[in-house]
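Heads up, upload36.txt below (compact mmCIF, C-alpha atoms and all ligand atoms):
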# COMPACT_ATOMS: atom_id res chain seq x y z
CA MET A 1 -37.55 28.44 -20.23
CA MET A 2 -35.15 26.59 -17.90
CA GLU A 3 -32.37 24.55 -19.41
CA PRO A 4 -32.79 20.86 -18.53
CA ASP A 5 -30.18 19.62 -16.03
CA ALA A 6 -27.14 18.04 -17.66
CA PRO A 7 -27.29 14.28 -17.11
CA THR A 8 -25.15 13.23 -14.13
CA PRO A 9 -22.25 11.19 -15.50
CA ARG A 10 -22.58 7.54 -14.53
CA PRO A 11 -19.69 6.38 -12.34
CA ARG A 12 -17.26 4.32 -14.44
CA PRO A 13 -17.62 0.72 -13.38
CA ARG A 14 -14.54 -0.75 -11.76
CA PRO A 15 -12.69 -3.20 -14.03
CA ARG A 16 -13.60 -6.79 -13.16
CA VAL A 17 -10.61 -9.05 -12.61
CA LEU A 18 -10.41 -12.83 -12.96
CA GLU A 19 -7.51 -14.29 -10.94
CA LEU A 20 -6.53 -17.69 -12.34
CA TYR A 21 -4.20 -20.08 -10.45
CA SER A 22 -4.82 -17.76 -7.53
CA GLY A 23 -2.84 -19.62 -4.83
CA ILE A 24 -2.58 -17.41 -1.75
CA GLY A 25 -3.56 -14.29 -3.67
CA GLY A 26 -0.24 -12.75 -4.68
CA MET A 27 -1.88 -11.23 -7.77
CA HIS A 28 -4.75 -9.85 -5.67
CA TYR A 29 -2.29 -8.09 -3.34
CA ALA A 30 -0.37 -6.75 -6.35
CA LEU A 31 -3.60 -5.36 -7.79
CA LYS A 32 -4.33 -3.64 -4.47
CA GLU A 33 -0.82 -2.22 -4.34
CA SER A 34 -1.11 -0.91 -7.90
CA CYS A 35 -3.99 1.33 -6.70
CA ILE A 36 -5.95 0.52 -9.86
CA ALA A 37 -9.59 0.71 -8.80
CA ALA A 38 -10.49 -2.83 -9.82
CA GLU A 39 -12.33 -5.71 -8.25
CA VAL A 40 -11.38 -9.39 -8.23
CA VAL A 41 -14.67 -11.06 -9.20
CA ALA A 42 -13.38 -14.63 -8.98
CA ALA A 43 -10.26 -16.52 -7.94
CA VAL A 44 -9.77 -20.03 -9.33
CA ASP A 45 -7.45 -22.64 -7.83
CA ILE A 46 -7.58 -26.37 -7.26
CA ASN A 47 -5.43 -26.34 -4.10
CA THR A 48 -7.68 -26.47 -1.03
CA VAL A 49 -4.93 -25.31 1.38
CA ALA A 50 -4.10 -22.31 -0.80
CA ASN A 51 -7.81 -21.53 -1.05
CA GLU A 52 -8.13 -21.53 2.75
CA VAL A 53 -5.33 -18.97 3.02
CA TYR A 54 -6.90 -16.92 0.23
CA LYS A 55 -10.30 -16.95 1.94
CA HIS A 56 -8.70 -16.01 5.27
CA ASN A 57 -7.21 -12.86 3.72
CA PHE A 58 -9.92 -12.02 1.17
CA PRO A 59 -13.16 -13.24 2.78
CA ASN A 60 -15.31 -11.33 0.30
CA THR A 61 -13.79 -12.69 -2.89
CA CYS A 62 -15.57 -15.53 -4.61
CA ILE A 63 -13.29 -18.59 -4.89
CA TYR A 64 -13.88 -21.33 -7.45
CA PRO A 65 -12.23 -24.38 -5.87
CA LYS A 66 -11.96 -26.29 -9.11
CA THR A 67 -9.76 -26.89 -12.11
CA ILE A 68 -9.65 -24.18 -14.74
CA GLU A 69 -10.27 -26.73 -17.48
CA GLY A 70 -13.40 -27.69 -15.54
CA MET A 71 -14.89 -24.22 -16.04
CA THR A 72 -17.41 -23.93 -18.80
CA MET A 73 -17.53 -21.25 -21.47
CA ASP A 74 -20.79 -20.11 -19.93
CA GLU A 75 -19.14 -19.66 -16.52
CA PHE A 76 -16.36 -17.59 -18.07
CA ASN A 77 -18.82 -15.43 -19.99
CA LYS A 78 -21.02 -14.83 -16.95
CA LEU A 79 -18.01 -13.52 -14.99
CA ASP A 80 -17.83 -10.72 -17.57
CA PHE A 81 -14.22 -9.85 -16.68
CA ASP A 82 -12.01 -7.07 -18.06
CA MET A 83 -8.67 -8.39 -16.83
CA ILE A 84 -7.00 -11.78 -16.32
CA LEU A 85 -4.16 -12.12 -13.82
CA MET A 86 -2.57 -15.57 -13.89
CA SER A 87 0.46 -17.64 -12.83
CA PRO A 88 0.15 -21.03 -14.57
CA PRO A 89 2.11 -24.00 -13.12
CA CYS A 90 5.82 -23.63 -13.79
CA GLN A 91 7.11 -27.20 -13.41
CA PRO A 92 6.86 -27.89 -17.18
CA PHE A 93 9.40 -25.10 -17.77
CA THR A 94 11.81 -25.07 -14.82
CA ARG A 95 15.43 -26.01 -15.24
CA LEU A 96 15.03 -28.73 -12.61
CA GLY A 97 11.49 -29.68 -13.65
CA THR A 98 10.33 -31.98 -16.44
CA GLN A 99 10.87 -29.45 -19.25
CA LYS A 100 8.07 -31.33 -21.03
CA ASP A 101 6.53 -28.00 -21.94
CA VAL A 102 3.13 -28.48 -23.63
CA LEU A 103 3.43 -32.27 -23.26
CA ASP A 104 3.25 -31.92 -19.45
CA SER A 105 -0.31 -32.59 -18.29
CA ARG A 106 -0.04 -29.72 -15.76
CA ILE A 107 -0.17 -27.18 -18.59
CA LYS A 108 -3.44 -28.53 -20.03
CA SER A 109 -5.44 -25.89 -18.17
CA PHE A 110 -3.34 -23.12 -19.73
CA LEU A 111 -3.88 -24.49 -23.23
CA TYR A 112 -7.60 -24.56 -22.41
CA ILE A 113 -7.47 -20.84 -21.53
CA LEU A 114 -5.84 -20.18 -24.91
CA ASP A 115 -8.72 -22.07 -26.55
CA VAL A 116 -11.35 -20.16 -24.58
CA LEU A 117 -9.97 -16.66 -25.13
CA PRO A 118 -10.92 -16.20 -28.82
CA SER A 119 -14.47 -17.45 -28.20
CA LEU A 120 -15.40 -15.29 -25.22
CA THR A 121 -18.44 -13.04 -25.70
CA LYS A 122 -16.27 -10.15 -24.52
CA ARG A 123 -12.48 -10.42 -24.60
CA PRO A 124 -10.74 -8.99 -21.53
CA LYS A 125 -8.96 -5.72 -22.12
CA TYR A 126 -5.91 -6.71 -20.06
CA ILE A 127 -3.94 -9.92 -19.45
CA LEU A 128 -0.95 -10.37 -17.14
CA LEU A 129 0.92 -13.66 -16.89
CA GLU A 130 3.77 -14.70 -14.62
CA ASN A 131 5.97 -17.76 -14.99
CA VAL A 132 9.53 -18.97 -14.46
CA LYS A 133 12.55 -18.07 -16.51
CA GLY A 134 12.52 -20.67 -19.27
CA PHE A 135 8.92 -20.00 -20.27
CA GLU A 136 10.12 -17.41 -22.80
CA THR A 137 11.67 -20.15 -24.97
CA SER A 138 8.81 -22.66 -24.63
CA VAL A 139 6.22 -23.89 -27.11
CA ALA A 140 3.56 -22.80 -24.60
CA ARG A 141 4.84 -19.23 -24.87
CA ASN A 142 4.70 -19.41 -28.68
CA LYS A 143 1.11 -20.61 -28.50
CA LEU A 144 0.26 -17.76 -26.12
CA ILE A 145 1.80 -15.17 -28.45
CA GLN A 146 0.01 -16.67 -31.46
CA THR A 147 -3.33 -16.52 -29.63
CA LEU A 148 -2.73 -12.92 -28.50
CA GLU A 149 -1.83 -11.84 -32.01
CA ASN A 150 -4.88 -13.59 -33.49
CA CYS A 151 -7.09 -11.93 -30.89
CA ARG A 152 -5.53 -8.50 -31.61
CA TYR A 153 -3.64 -7.83 -28.38
CA SER A 154 -0.52 -5.68 -28.05
CA TYR A 155 1.93 -7.23 -25.62
CA GLN A 156 5.30 -6.90 -23.97
CA GLU A 157 7.43 -9.60 -22.35
CA PHE A 158 9.84 -9.16 -19.43
CA LEU A 159 12.38 -11.07 -17.35
CA LEU A 160 12.51 -9.24 -14.02
CA SER A 161 13.76 -9.78 -10.50
CA PRO A 162 12.82 -7.89 -7.30
CA THR A 163 16.48 -6.87 -7.02
CA LEU A 164 15.68 -4.26 -9.71
CA LEU A 165 13.53 -2.55 -7.09
CA GLY A 166 16.22 -2.63 -4.39
CA ILE A 167 14.69 -5.69 -2.71
CA PRO A 168 17.44 -8.03 -1.51
CA ASN A 169 15.96 -11.19 -2.98
CA SER A 170 16.63 -12.77 -6.37
CA ARG A 171 13.53 -14.13 -8.06
CA LEU A 172 14.00 -13.84 -11.79
CA ARG A 173 10.64 -14.42 -13.45
CA TYR A 174 9.03 -14.17 -16.89
CA PHE A 175 6.12 -11.72 -17.20
CA LEU A 176 3.84 -10.80 -20.06
CA ILE A 177 1.41 -7.89 -20.14
CA ALA A 178 -1.14 -7.65 -22.93
CA LYS A 179 -3.72 -5.04 -23.92
CA LEU A 180 -6.59 -5.45 -26.33
CA GLN A 181 -6.24 -3.15 -29.37
CA PRO A 182 -6.95 -0.36 -30.14
CA GLY A 183 -5.68 0.22 -26.59
CA THR A 184 -1.96 0.99 -26.49
CA PHE A 185 0.67 0.90 -23.81
CA CYS A 186 2.27 3.99 -22.34
CA ILE A 187 5.60 2.45 -23.34
CA GLN A 188 7.04 1.62 -26.72
CA THR A 189 6.65 -2.15 -27.01
CA SER A 190 9.42 -4.26 -28.44
CA ASN A 191 9.84 -7.84 -29.64
CA GLU A 192 12.64 -8.27 -27.17
CA VAL A 193 12.11 -9.64 -23.69
CA LEU A 194 12.85 -6.58 -21.54
CA LYS A 195 15.20 -7.10 -18.62
CA GLN A 196 14.44 -3.78 -16.89
CA PHE A 197 11.33 -1.85 -15.97
CA PRO A 198 10.87 0.68 -18.77
CA ASP A 199 10.00 3.54 -16.43
CA LEU A 200 13.05 3.50 -14.24
CA ASP A 201 12.87 6.00 -11.43
CA SER A 202 15.99 7.40 -9.92
CA MET A 203 16.30 4.72 -7.25
CA GLU A 204 16.28 1.92 -9.77
CA ALA A 205 18.57 3.80 -12.10
CA SER A 206 21.05 4.33 -9.31
CA TYR A 207 20.82 0.65 -8.39
CA ILE A 208 21.51 -0.38 -11.95
CA SER A 209 24.46 1.94 -12.26
CA SER A 210 25.91 0.65 -9.00
CA PHE A 211 25.17 -2.90 -10.11
CA SER A 212 27.19 -2.29 -13.27
CA GLN A 213 29.94 -0.85 -11.10
CA MET A 214 29.74 -3.95 -8.96
CA LEU A 215 30.30 -6.15 -11.97
CA SER A 216 33.45 -4.27 -12.78
CA ALA A 217 34.47 -3.95 -9.14
CA ASP A 218 38.16 -3.64 -8.41
CA ASP A 219 39.99 -5.40 -5.61
CA ASN A 220 39.07 -2.89 -2.92
CA ASN A 221 36.08 -4.77 -1.47
CA MET A 222 38.02 -7.37 0.37
CA GLU A 223 36.94 -6.73 3.95
CA GLY A 224 36.73 -9.83 6.07
CA ILE A 225 38.71 -12.09 3.76
CA ASN A 226 42.38 -12.40 3.21
CA ALA A 227 42.78 -9.38 0.94
CA ASP A 228 46.44 -9.91 0.11
CA CYS A 229 45.89 -13.50 -0.87
CA CYS A 230 42.94 -12.57 -3.06
CA ALA A 231 44.60 -9.66 -4.74
CA ASN A 232 47.44 -11.97 -5.72
CA GLU A 233 45.12 -14.74 -6.89
CA ILE A 234 43.16 -12.29 -9.01
CA LYS A 235 46.25 -10.72 -10.48
CA ASN A 236 47.35 -14.22 -11.42
CA GLY A 237 44.01 -14.77 -13.13
CA ARG A 238 42.93 -17.33 -10.55
CA ASP A 239 39.50 -15.96 -9.67
CA GLU A 240 38.26 -19.53 -9.69
CA THR A 241 40.40 -20.53 -6.70
CA VAL A 242 38.25 -21.87 -3.87
CA LEU A 243 38.60 -19.69 -0.81
CA TYR A 244 36.35 -21.47 1.67
CA LYS A 245 32.97 -23.17 1.70
CA LEU A 246 33.41 -24.22 -1.95
CA GLU A 247 33.24 -20.54 -2.88
CA THR A 248 35.72 -19.05 -5.28
CA ILE A 249 37.33 -15.66 -4.90
CA LYS A 250 35.00 -14.45 -7.64
CA HIS A 251 31.90 -15.59 -5.72
CA VAL A 252 33.02 -14.07 -2.44
CA LYS A 253 33.94 -10.85 -4.17
CA GLN A 254 30.61 -10.64 -5.95
CA LYS A 255 28.68 -11.22 -2.74
CA GLN A 256 30.68 -8.57 -0.95
CA SER A 257 30.05 -6.07 -3.72
CA GLN A 258 26.33 -6.79 -3.47
CA ASP A 259 26.44 -6.30 0.28
CA ASN A 260 28.21 -2.96 -0.19
CA ASN A 261 25.59 -1.71 -2.62
CA SER A 262 23.71 0.88 -0.58
CA SER A 263 20.89 1.23 -3.12
CA MET A 264 19.72 -2.24 -2.02
CA GLN A 265 17.87 -2.64 1.25
CA MET A 266 19.42 -4.69 4.03
CA ILE A 267 17.98 -8.06 5.02
CA GLN A 268 17.40 -6.79 8.55
CA GLY A 269 14.56 -4.58 7.33
CA PHE A 270 12.59 -7.74 6.44
CA LEU A 271 13.14 -9.69 9.66
CA GLU A 272 10.71 -10.26 12.50
CA GLU A 273 11.59 -8.22 15.59
CA GLU A 274 12.11 -11.07 17.99
CA LEU A 275 10.99 -14.66 17.56
CA GLN A 276 8.94 -15.92 20.49
CA ASP A 277 9.97 -19.48 19.73
CA PRO A 278 12.83 -19.75 17.23
CA SER A 279 13.18 -23.53 17.61
CA PRO A 280 11.07 -24.51 14.52
CA TYR A 281 13.50 -22.51 12.38
CA PHE A 282 16.76 -24.11 13.52
CA ILE A 283 18.49 -26.26 10.92
CA SER A 284 18.90 -29.87 12.03
CA THR A 285 22.45 -30.99 12.86
CA LYS A 286 22.12 -33.71 10.22
CA SER A 287 21.35 -31.13 7.52
CA LEU A 288 24.04 -28.80 8.82
CA LEU A 289 26.72 -31.47 8.58
CA ARG A 290 25.56 -32.65 5.21
CA TYR A 291 24.96 -29.30 3.52
CA ALA A 292 27.06 -26.74 5.41
CA LEU A 293 29.30 -26.11 2.44
CA ILE A 294 26.49 -25.39 0.00
CA LEU A 295 24.15 -23.38 2.23
CA ASP A 296 23.62 -19.84 1.02
CA ILE A 297 24.24 -17.96 4.26
CA VAL A 298 23.29 -14.29 4.67
CA GLY A 299 23.69 -11.99 7.65
CA GLN A 300 21.34 -9.27 8.81
CA THR A 301 23.38 -6.54 7.15
CA CYS A 302 23.63 -8.39 3.83
CA ARG A 303 21.79 -6.97 0.86
CA ARG A 304 21.01 -10.19 -1.00
CA SER A 305 19.29 -13.55 -0.69
CA VAL A 306 18.54 -16.31 -3.16
CA CYS A 307 15.10 -17.30 -4.41
CA PHE A 308 12.87 -19.10 -1.88
CA THR A 309 11.26 -22.14 -3.46
CA LYS A 310 8.42 -24.38 -2.30
CA GLY A 311 10.89 -26.87 -0.76
CA TYR A 312 12.29 -24.30 1.68
CA GLY A 313 12.47 -25.61 5.23
CA SER A 314 12.14 -29.23 4.04
CA TYR A 315 15.08 -29.46 1.64
CA VAL A 316 18.28 -27.53 2.00
CA GLU A 317 19.95 -27.61 -1.37
CA GLY A 318 19.05 -24.66 -3.60
CA THR A 319 15.77 -23.79 -1.86
CA GLY A 320 16.65 -20.39 -0.40
CA SER A 321 19.09 -18.54 1.84
CA VAL A 322 19.49 -19.19 5.56
CA LEU A 323 20.10 -16.50 8.17
CA LYS A 324 23.24 -16.08 10.28
CA THR A 325 21.98 -14.48 13.47
CA ALA A 326 25.41 -14.21 15.15
CA SER A 327 26.36 -10.82 13.74
CA ASP A 328 29.88 -10.81 15.20
CA VAL A 329 31.03 -14.11 13.65
CA GLU A 330 32.63 -14.07 10.20
CA LEU A 331 31.90 -16.92 7.79
CA ALA A 332 35.58 -17.11 6.91
CA SER A 333 36.56 -17.80 10.52
CA VAL A 334 34.15 -20.74 10.70
CA PHE A 335 34.86 -22.29 7.31
CA GLN A 336 38.63 -21.93 6.98
CA SER A 337 40.12 -25.47 7.06
CA PHE A 338 36.63 -26.81 7.69
CA GLU A 339 37.23 -30.06 5.78
CA THR A 340 40.02 -31.08 8.14
CA LEU A 341 37.75 -31.00 11.23
CA SER A 342 36.01 -33.95 12.89
CA GLU A 343 32.19 -34.01 12.85
CA ASP A 344 31.98 -32.73 16.41
CA GLU A 345 34.40 -29.92 15.68
CA LYS A 346 32.46 -28.99 12.57
CA LEU A 347 29.25 -28.76 14.58
CA THR A 348 30.94 -26.63 17.24
CA GLN A 349 32.17 -24.27 14.53
CA LEU A 350 28.79 -24.10 12.80
CA ALA A 351 26.96 -23.50 16.08
CA LYS A 352 28.87 -20.21 16.38
CA LEU A 353 26.97 -18.83 13.37
CA LYS A 354 23.55 -19.39 15.00
CA LEU A 355 21.98 -20.27 11.67
CA ARG A 356 18.23 -20.49 11.15
CA TYR A 357 15.71 -20.54 8.33
CA PHE A 358 13.87 -17.34 7.48
CA THR A 359 10.39 -17.52 8.99
CA PRO A 360 7.36 -17.60 6.64
CA ARG A 361 6.58 -14.02 7.69
CA GLU A 362 10.09 -12.96 6.69
CA VAL A 363 9.80 -14.71 3.31
CA ALA A 364 6.42 -13.00 2.87
CA ASN A 365 8.07 -9.65 3.69
CA LEU A 366 10.74 -10.22 1.04
CA HIS A 367 7.97 -11.12 -1.43
CA GLY A 368 6.23 -7.84 -0.65
CA PHE A 369 3.16 -9.23 1.16
CA PRO A 370 1.65 -6.47 3.32
CA PRO A 371 1.62 -6.73 7.14
CA GLU A 372 -2.08 -7.60 7.18
CA PHE A 373 -1.43 -10.83 5.24
CA SER A 374 -1.53 -13.86 7.53
CA PHE A 375 -1.97 -17.63 7.54
CA PRO A 376 -4.81 -19.37 9.34
CA GLU A 377 -3.27 -20.99 12.43
CA LYS A 378 -3.91 -24.53 11.29
CA ILE A 379 -1.68 -24.18 8.20
CA SER A 380 1.56 -26.03 8.99
CA LEU A 381 5.03 -24.54 8.65
CA LYS A 382 5.80 -26.79 5.70
CA GLN A 383 2.59 -25.73 3.94
CA ARG A 384 3.37 -22.04 4.54
CA TYR A 385 6.81 -22.33 2.94
CA ARG A 386 5.31 -24.32 0.08
CA LEU A 387 2.64 -21.75 -0.66
CA LEU A 388 5.02 -18.80 -0.38
CA GLY A 389 7.57 -20.55 -2.60
CA ASN A 390 4.88 -20.89 -5.28
CA SER A 391 3.85 -17.27 -4.99
CA LEU A 392 5.35 -14.12 -6.47
CA ASN A 393 6.89 -10.76 -5.68
CA ILE A 394 4.01 -8.36 -5.20
CA HIS A 395 5.96 -5.14 -5.81
CA VAL A 396 7.17 -6.37 -9.21
CA VAL A 397 3.67 -7.40 -10.32
CA ALA A 398 2.07 -4.20 -8.95
CA LYS A 399 4.43 -2.15 -11.09
CA LEU A 400 3.57 -4.21 -14.17
CA ILE A 401 -0.18 -3.89 -13.56
CA LYS A 402 0.21 -0.11 -13.41
CA LEU A 403 2.28 -0.15 -16.58
CA MET A 404 -0.35 -2.29 -18.31
CA VAL A 405 -3.38 -0.19 -17.31
CA GLU A 406 -2.10 3.38 -17.24
C1 LIG B 501 2.55 -20.88 -9.44
S1 LIG B 501 1.20 -21.20 -8.38
C2 LIG B 501 0.40 -19.64 -8.38
C3 LIG B 501 0.52 -18.92 -7.11
C4 LIG B 501 -0.24 -17.64 -6.94
N1 LIG B 501 -0.01 -16.64 -7.95
C5 LIG B 501 0.05 -17.05 -5.57
O1 LIG B 501 0.33 -15.87 -5.45
O2 LIG B 501 0.06 -17.83 -4.61
C6 LIG B 501 0.14 -22.16 -9.39
C7 LIG B 501 -1.21 -22.46 -8.77
O3 LIG B 501 -2.01 -23.07 -9.76
C8 LIG B 501 -2.84 -24.03 -9.15
N2 LIG B 501 -3.23 -24.95 -10.24
C9 LIG B 501 -2.44 -25.77 -10.93
N3 LIG B 501 -3.14 -26.39 -11.91
C10 LIG B 501 -4.42 -25.94 -11.82
C11 LIG B 501 -5.60 -26.21 -12.57
N4 LIG B 501 -5.61 -27.06 -13.57
N5 LIG B 501 -6.73 -25.56 -12.21
C12 LIG B 501 -6.73 -24.68 -11.16
N6 LIG B 501 -5.64 -24.39 -10.44
C13 LIG B 501 -4.49 -25.02 -10.76
C14 LIG B 501 -1.97 -24.64 -8.07
O4 LIG B 501 -2.77 -25.20 -7.07
C15 LIG B 501 -1.17 -23.43 -7.60
O5 LIG B 501 -1.79 -22.83 -6.48
Can you turn what I pasted into structure tokens?
Ligand SMILES: C[S@@+](CC[C@H](N)C(=O)[O-])C[C@H]1O[C@@H](n2cnc3c(N)ncnc32)[C@H](O)[C@@H]1O
Amino acid sequence: MMEPDAPTPRPRPRPRVLELYSGIGGMHYALKESCIAAEVVAAVDINTVANEVYKHNFPNTCIYPKTIEGMTMDEFNKLDFDMILMSPPCQPFTRLGTQKDVLDSRIKSFLYILDVLPSLTKRPKYILLENVKGFETSVARNKLIQTLENCRYSYQEFLLSPTLLGIPNSRLRYFLIAKLQPGTFCIQTSNEVLKQFPDLDSMEASYISSFSQMLSADDNNMEGINADCCANEIKNGRDETVLYKLETIKHVKQKQSQDNNSSMQMIQGFLEEELQDPSPYFISTKSLLRYALILDIVGQTCRRSVCFTKGYGSYVEGTGSVLKTASDVELASVFQSFETLSEDEKLTQLAKLKLRYFTPREVANLHGFPPEFSFPEKISLKQRYRLLGNSLNIHVVAKLIKLMVE
């Protein structure tokens, strides 16, 4: 008698992902980059402009253009998801925001998610959350942890920046990954908020070791500034002396050490080849005169830039670095004795640097968006910067998704 055929194993269904506060789809790109075979079954966001960009890039994903607190329990249950990826609004927790924490109405939707989670017909196996630094000490975070513990999740918290991956952009963010028990992580979890990726590969390890070296750098990295003067100032314990552009010797030295750190990529690798029309990216003379001394200026060979926020391009102060496209002009030569100059002279000096804003494509490159990501043409420059400033670093999140699922 013939043996009956062994039943053909059914293909394992792909995990179903619910992307909340989906914006322009940073989480969706991170999921793709993580190579986890999963499918985003719904993206929820109230912002119609963000939703247009999302639809443009992910035409096949179902978008719910509504508030999260407007979703019913039934809608959540029908989506039958295995994973939640979410970046709740950060204004209630930012240093410059309201700091109203759970009293801020913008966090209502997040508290609603915490209410919904225990009552779902099927709890998702994985949860990843991103927020600003500051969230880790909030009441909202405590409520999240309490809910996860009650619902029997293991979890790990992080404070991470893309610089840990050799990307020359600071964007320190809070992350939490959670896994429904009895599932366990491939890493030993800890109650501490981790400030490194647990699975450091050699590149990251070498960056960290050179970063530590940078912090204890000696006086040898003084190229381009008056080395003798600095060496003396430092010996005299006067690291706080302002050199130029309101920057102290310590600041200038730190920046130079960062720029000499070869385990970080150079800014030039993230720039557009040649801008057809650079004029939208020039900084107005009014802004230049007003903010020249506080602009964070980086050159193409620099290996650092500061966090790009949603106000980039509209506001100058603290919204992100600007690019010096004149590679042969030193900052020191332009800013020495700057305060003594007339307005016209100041402008003549500043013009030498050929400063401009990073383009949205360049910000997207620093955030790890793939080349195929684009904006619909009708989205204005201001809206592009706004949406990118609200988004996240894809490489960092991709690594965390892998860590969470593997
Ligand atoms: C920090 S951004 C998230 C950005 C997103 N991860 C990305 O990659 O673009 C927060 C998003 O939440 C959306 N949002 C805020 N409150 C909401 C609510 N109650 N319901 C739905 N979406 C909301 C905002 O429109 C914004 O796009």
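The space separating atom CA of Pro162 of chain A from atom CA of Gly269 of chain A comes to 15.1 Å.
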Review point. Which residues come within 8 Å of Asn47 of chain A, counting only C-alpha atoms, excluding same-chain residues fewer than 3 positions away, as a PyMOL selection string?
Key: chain A and resi 23+50-51+65
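Reported to one decimal place, the separation of atom C12 of ligand LIG 501 (chain B) from atom CA of Glu362 of chain A is 27.2 Å.
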Review point. At most 8 Å from (-8.7, -25.3, -16.1), file frame, only C-alpha atoms: which residues, as a PyMOL selection string?
Key: chain A and resi 66-71+108-110+112-113
Please, which residues have at least one atom within 6 Å of an atom of ligand LIG 501 (chain B), using all atoms listed in the file, listed as a short mmCIF file (atom, residue, chain, number, x, y, z; two decimals) with C-alpha atoms, keeping the file's coordinate frame?
data_model
loop_
_atom_site.label_atom_id
_atom_site.label_comp_id
_atom_site.auth_asym_id
_atom_site.auth_seq_id
_atom_site.Cartn_x
_atom_site.Cartn_y
_atom_site.Cartn_z
CA TYR A 21 -4.20 -20.08 -10.45
CA SER A 22 -4.82 -17.76 -7.53
CA GLY A 23 -2.84 -19.62 -4.83
CA ILE A 24 -2.58 -17.41 -1.75
CA GLY A 25 -3.56 -14.29 -3.67
CA GLY A 26 -0.24 -12.75 -4.68
CA MET A 27 -1.88 -11.23 -7.77
CA VAL A 44 -9.77 -20.03 -9.33
CA ASP A 45 -7.45 -22.64 -7.83
CA ILE A 46 -7.58 -26.37 -7.26
CA ASN A 47 -5.43 -26.34 -4.10
CA LYS A 66 -11.96 -26.29 -9.11
CA THR A 67 -9.76 -26.89 -12.11
CA ILE A 68 -9.65 -24.18 -14.74
CA SER A 87 0.46 -17.64 -12.83
CA PRO A 88 0.15 -21.03 -14.57
CA PRO A 89 2.11 -24.00 -13.12
CA ARG A 106 -0.04 -29.72 -15.76
CA SER A 109 -5.44 -25.89 -18.17
CA ASN A 390 4.88 -20.89 -5.28
CA SER A 391 3.85 -17.27 -4.99
CA LEU A 392 5.35 -14.12 -6.47
#
